[in-house]
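A short write-up of the structure that comes next.
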Amino acid sequence: MSIGLNKITVPNAGANSNEGLLMPKLQYRFRVRLINFGTGTPPNYELTKQVIDVTRPNLTFENMPIEIYNSKVNLAGKHTWSPVTLNLRDDVSNNVQAAVSAQIQKQFDFAEQAAPVSGQDYKFRMDIDILDGGNGAIEERTLDTWALFGCYVTEVNYNTLAYANNDPVSITLNIQYDNAIQNPADVTIDGPLTNNTTGVGG
């Protein structure tokens, strides 16, 4: 019986404020899509299938104090998007390693010691989708998306090999980006997924 289940939550003001607890989003129901990463323009689904975990964007506003007579007023100054970390399993077909190497080569040609002319030559877009759990015949639904624009890799860590470890080999990427937009469900921001960057140099 469901008697009283609608009261298992925190009460709000009003006689009929309890409406039951909403289903939370779950950490393991997510998907990462990398667009224009490495050599390909479409999303690289080989990387999507090999994701271990990912951090979501963190935003910090600088404090801008305005000195006024006997006191001060604080305003929000320029903002900074902190880098995200993406952990990938390295597969036996070398698909992950090849894609990472291609992206690094786009950012800097190590053989020729040559750099790209502008950011649009190497920057990519990264989408982090939270999903509802659907799969197969039951199509998945995106609950929300973080769309990261103007991304590039700032650090690659090929991590450790160890005889006593049962974990898969992994590659960790630190990714910096110019802008991030959180999209509500069923809303597309900035057109199709092939639109990877915006802004100056990007």
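How things are named: the first chain in the structure tokens is A, the next is B, and so on; residues count from 1 in each chain; ligands count from 1 in the order shown.
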
Close residues, Ile128 (chain A) itself excluded, 8 Å, only C-alpha atoms, min 3 positions apart in chain, as a PyMOL selection string: chain A and resi 30-33+56+145-147

Nearby residues (only C-alpha atoms) at most 7 Å from Thr154 (chain A), same-chain spacing under 2 positions excluded, as JSON, numbers by chain: {"A": [152, 174, 175, 176]}

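Candidate residues A:Lys49, A:Arg141, A:Lys25, A:Lys7 were compared for distance to Asp90 (chain A), and the nearest is A:Lys49, using only C-alpha atoms.
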
Residue set, region 28-148 of chain A restricted to helix (DSSP H, G or I), as a ChimeraX atom specification: /A:45-49,95-107,119-121

Selection above as a file: N, CA and C atoms, as an mmCIF file, in the first residue's frame:
```cif
data_model
loop_
_atom_site.group_PDB
_atom_site.id
_atom_site.type_symbol
_atom_site.label_atom_id
_atom_site.label_comp_id
_atom_site.auth_asym_id
_atom_site.auth_seq_id
_atom_site.Cartn_x
_atom_site.Cartn_y
_atom_site.Cartn_z
ATOM 1 N N TYR A 45 32.188 8.090 -30.698
ATOM 2 C CA TYR A 45 31.485 7.170 -29.812
ATOM 3 C C TYR A 45 32.387 6.066 -29.271
ATOM 4 N N GLU A 46 33.547 5.841 -29.912
ATOM 5 C CA GLU A 46 34.498 4.897 -29.334
ATOM 6 C C GLU A 46 34.985 5.395 -27.978
ATOM 7 N N LEU A 47 35.214 6.699 -27.877
ATOM 8 C CA LEU A 47 35.606 7.273 -26.593
ATOM 9 C C LEU A 47 34.434 7.267 -25.623
ATOM 10 N N THR A 48 33.239 7.534 -26.123
ATOM 11 C CA THR A 48 32.045 7.522 -25.273
ATOM 12 C C THR A 48 31.889 6.179 -24.574
ATOM 13 N N LYS A 49 32.161 5.089 -25.291
ATOM 14 C CA LYS A 49 32.001 3.738 -24.726
ATOM 15 C C LYS A 49 33.081 3.388 -23.711
ATOM 16 N N ASN A 95 41.883 2.277 -30.043
ATOM 17 C CA ASN A 95 41.016 3.360 -30.526
ATOM 18 C C ASN A 95 41.129 4.601 -29.641
ATOM 19 N N VAL A 96 41.150 4.395 -28.323
ATOM 20 C CA VAL A 96 41.234 5.525 -27.403
ATOM 21 C C VAL A 96 42.591 6.210 -27.535
ATOM 22 N N GLN A 97 43.650 5.404 -27.510
ATOM 23 C CA GLN A 97 44.995 5.966 -27.602
ATOM 24 C C GLN A 97 45.203 6.711 -28.917
ATOM 25 N N ALA A 98 44.668 6.177 -30.010
ATOM 26 C CA ALA A 98 44.818 6.820 -31.317
ATOM 27 C C ALA A 98 44.093 8.156 -31.354
ATOM 28 N N ALA A 99 42.885 8.202 -30.775
ATOM 29 C CA ALA A 99 42.120 9.451 -30.771
ATOM 30 C C ALA A 99 42.807 10.514 -29.916
ATOM 31 N N VAL A 100 43.313 10.107 -28.763
ATOM 32 C CA VAL A 100 44.020 11.046 -27.888
ATOM 33 C C VAL A 100 45.281 11.564 -28.582
ATOM 34 N N SER A 101 46.029 10.672 -29.200
ATOM 35 C CA SER A 101 47.250 11.076 -29.900
ATOM 36 C C SER A 101 46.948 12.038 -31.046
ATOM 37 N N ALA A 102 45.844 11.782 -31.772
ATOM 38 C CA ALA A 102 45.466 12.668 -32.874
ATOM 39 C C ALA A 102 45.100 14.063 -32.363
ATOM 40 N N GLN A 103 44.411 14.119 -31.211
ATOM 41 C CA GLN A 103 44.048 15.416 -30.655
ATOM 42 C C GLN A 103 45.285 16.182 -30.187
ATOM 43 N N ILE A 104 46.205 15.488 -29.528
ATOM 44 C CA ILE A 104 47.440 16.137 -29.074
ATOM 45 C C ILE A 104 48.257 16.630 -30.261
ATOM 46 N N GLN A 105 48.281 15.845 -31.334
ATOM 47 C CA GLN A 105 49.014 16.240 -32.528
ATOM 48 C C GLN A 105 48.387 17.469 -33.174
ATOM 49 N N LYS A 106 47.051 17.593 -33.097
ATOM 50 C CA LYS A 106 46.380 18.787 -33.612
ATOM 51 C C LYS A 106 46.807 20.030 -32.834
ATOM 52 N N GLN A 107 46.980 19.854 -31.519
ATOM 53 C CA GLN A 107 47.339 20.988 -30.678
ATOM 54 C C GLN A 107 48.790 21.410 -30.861
ATOM 55 N N GLY A 119 42.959 28.809 -32.504
ATOM 56 C CA GLY A 119 42.299 27.822 -31.671
ATOM 57 C C GLY A 119 41.313 26.949 -32.414
ATOM 58 N N GLN A 120 40.673 27.477 -33.469
ATOM 59 C CA GLN A 120 39.689 26.684 -34.193
ATOM 60 C C GLN A 120 40.320 25.496 -34.911
ATOM 61 N N ASP A 121 41.637 25.477 -35.030
ATOM 62 C CA ASP A 121 42.322 24.357 -35.679
ATOM 63 C C ASP A 121 42.396 23.123 -34.782
#
```

Counting only C-alpha atoms, the residue of A:Asn179, A:Ala164, A:Phe124, A:Asn70 that sits nearest Thr39 (chain A):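 Looking at the shortest contact to Thr39 (chain A), the residue is A:Phe124.
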
Residue list (strand (DSSP E), DSSP) for chain A, as number ranges by chain: A: 30-35, 51-54, 58-68, 71-82, 84-89, 124-131, 142-157, 170-176, 179-184

Would you mind exporting C-alpha atoms of the selected residues as a PDB file, in the first residue's frame?
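Everything below was put into out_11.pdb:
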```
ATOM      1  CA  PHE A  30      25.601   9.552 -17.928  1.00  0.00           C
ATOM      2  CA  ARG A  31      27.248   9.837 -21.322  1.00  0.00           C
ATOM      3  CA  VAL A  32      30.180  11.893 -22.600  1.00  0.00           C
ATOM      4  CA  ARG A  33      30.361  12.963 -26.241  1.00  0.00           C
ATOM      5  CA  LEU A  34      33.456  14.545 -27.815  1.00  0.00           C
ATOM      6  CA  ILE A  35      32.836  16.432 -31.058  1.00  0.00           C
ATOM      7  CA  VAL A  51      34.593   6.512 -20.275  1.00  0.00           C
ATOM      8  CA  ILE A  52      35.308   5.589 -16.642  1.00  0.00           C
ATOM      9  CA  ASP A  53      34.288   8.858 -15.008  1.00  0.00           C
ATOM     10  CA  VAL A  54      34.181  12.593 -15.604  1.00  0.00           C
ATOM     11  CA  ASN A  58      33.039  24.279 -11.622  1.00  0.00           C
ATOM     12  CA  LEU A  59      32.535  28.039 -11.869  1.00  0.00           C
ATOM     13  CA  THR A  60      34.228  30.743  -9.788  1.00  0.00           C
ATOM     14  CA  PHE A  61      33.526  34.479  -9.842  1.00  0.00           C
ATOM     15  CA  GLU A  62      36.278  36.850  -8.759  1.00  0.00           C
ATOM     16  CA  ASN A  63      35.247  39.239  -6.004  1.00  0.00           C
ATOM     17  CA  MET A  64      35.396  42.925  -6.966  1.00  0.00           C
ATOM     18  CA  PRO A  65      35.235  45.150  -3.852  1.00  0.00           C
ATOM     19  CA  ILE A  66      34.132  48.764  -4.296  1.00  0.00           C
ATOM     20  CA  GLU A  67      35.424  51.006  -1.512  1.00  0.00           C
ATOM     21  CA  ILE A  68      32.749  53.494  -0.392  1.00  0.00           C
ATOM     22  CA  SER A  71      32.196  50.553   4.086  1.00  0.00           C
ATOM     23  CA  LYS A  72      32.496  48.536   0.904  1.00  0.00           C
ATOM     24  CA  VAL A  73      30.248  46.830  -1.622  1.00  0.00           C
ATOM     25  CA  ASN A  74      31.139  43.481  -3.211  1.00  0.00           C
ATOM     26  CA  LEU A  75      30.368  42.799  -6.864  1.00  0.00           C
ATOM     27  CA  ALA A  76      30.851  39.749  -9.051  1.00  0.00           C
ATOM     28  CA  GLY A  77      33.945  40.196 -11.212  1.00  0.00           C
ATOM     29  CA  LYS A  78      35.209  38.070 -14.087  1.00  0.00           C
ATOM     30  CA  HIS A  79      34.467  34.368 -13.956  1.00  0.00           C
ATOM     31  CA  THR A  80      36.697  31.309 -14.390  1.00  0.00           C
ATOM     32  CA  TRP A  81      35.685  27.835 -15.552  1.00  0.00           C
ATOM     33  CA  SER A  82      37.829  25.203 -13.825  1.00  0.00           C
ATOM     34  CA  VAL A  84      37.297  19.028 -16.049  1.00  0.00           C
ATOM     35  CA  THR A  85      38.913  15.599 -15.775  1.00  0.00           C
ATOM     36  CA  LEU A  86      37.988  12.725 -18.094  1.00  0.00           C
ATOM     37  CA  ASN A  87      39.169   9.156 -17.339  1.00  0.00           C
ATOM     38  CA  LEU A  88      39.151   6.672 -20.234  1.00  0.00           C
ATOM     39  CA  ARG A  89      39.813   2.921 -20.483  1.00  0.00           C
ATOM     40  CA  PHE A 124      36.607  20.615 -29.730  1.00  0.00           C
ATOM     41  CA  ARG A 125      33.218  20.462 -28.030  1.00  0.00           C
ATOM     42  CA  MET A 126      32.396  18.180 -25.101  1.00  0.00           C
ATOM     43  CA  ASP A 127      28.870  17.249 -23.980  1.00  0.00           C
ATOM     44  CA  ILE A 128      28.150  15.599 -20.621  1.00  0.00           C
ATOM     45  CA  ASP A 129      24.628  14.119 -20.662  1.00  0.00           C
ATOM     46  CA  ILE A 130      22.720  12.824 -17.640  1.00  0.00           C
ATOM     47  CA  LEU A 131      20.416  10.025 -18.834  1.00  0.00           C
ATOM     48  CA  THR A 142      18.548  13.092 -21.747  1.00  0.00           C
ATOM     49  CA  LEU A 143      17.640  14.778 -18.453  1.00  0.00           C
ATOM     50  CA  ASP A 144      20.192  17.559 -18.829  1.00  0.00           C
ATOM     51  CA  THR A 145      23.415  18.344 -20.681  1.00  0.00           C
ATOM     52  CA  TRP A 146      26.519  20.353 -19.913  1.00  0.00           C
ATOM     53  CA  ALA A 147      27.819  21.649 -23.258  1.00  0.00           C
ATOM     54  CA  LEU A 148      31.485  22.729 -23.055  1.00  0.00           C
ATOM     55  CA  PHE A 149      32.758  24.918 -25.903  1.00  0.00           C
ATOM     56  CA  GLY A 150      36.291  25.763 -27.006  1.00  0.00           C
ATOM     57  CA  CYS A 151      37.840  22.711 -25.328  1.00  0.00           C
ATOM     58  CA  TYR A 152      41.460  21.632 -25.533  1.00  0.00           C
ATOM     59  CA  VAL A 153      43.582  19.138 -23.606  1.00  0.00           C
ATOM     60  CA  THR A 154      45.897  20.717 -21.027  1.00  0.00           C
ATOM     61  CA  GLU A 155      47.312  17.485 -19.566  1.00  0.00           C
ATOM     62  CA  VAL A 156      47.467  13.822 -20.576  1.00  0.00           C
ATOM     63  CA  ASN A 157      48.311  11.179 -17.979  1.00  0.00           C
ATOM     64  CA  SER A 170      43.508   4.073 -18.316  1.00  0.00           C
ATOM     65  CA  ILE A 171      44.245   7.488 -19.784  1.00  0.00           C
ATOM     66  CA  THR A 172      43.342  10.654 -17.886  1.00  0.00           C
ATOM     67  CA  LEU A 173      42.704  13.947 -19.667  1.00  0.00           C
ATOM     68  CA  ASN A 174      42.509  17.400 -18.102  1.00  0.00           C
ATOM     69  CA  ILE A 175      40.368  19.583 -20.356  1.00  0.00           C
ATOM     70  CA  GLN A 176      40.106  23.369 -20.329  1.00  0.00           C
ATOM     71  CA  ASN A 179      32.463  28.493 -22.002  1.00  0.00           C
ATOM     72  CA  ALA A 180      29.902  26.042 -20.606  1.00  0.00           C
ATOM     73  CA  ILE A 181      26.116  26.041 -20.875  1.00  0.00           C
ATOM     74  CA  GLN A 182      23.799  23.737 -18.930  1.00  0.00           C
ATOM     75  CA  ASN A 183      20.847  22.690 -21.071  1.00  0.00           C
ATOM     76  CA  PRO A 184      17.534  21.550 -19.622  1.00  0.00           C
TER      77      PRO A 184
END
```

Selection near Leu21 (chain A), 8 Å with only C-alpha atoms, sequence-local residues under 6 positions removed, as a PyMOL selection string: chain A and resi 6+8-9
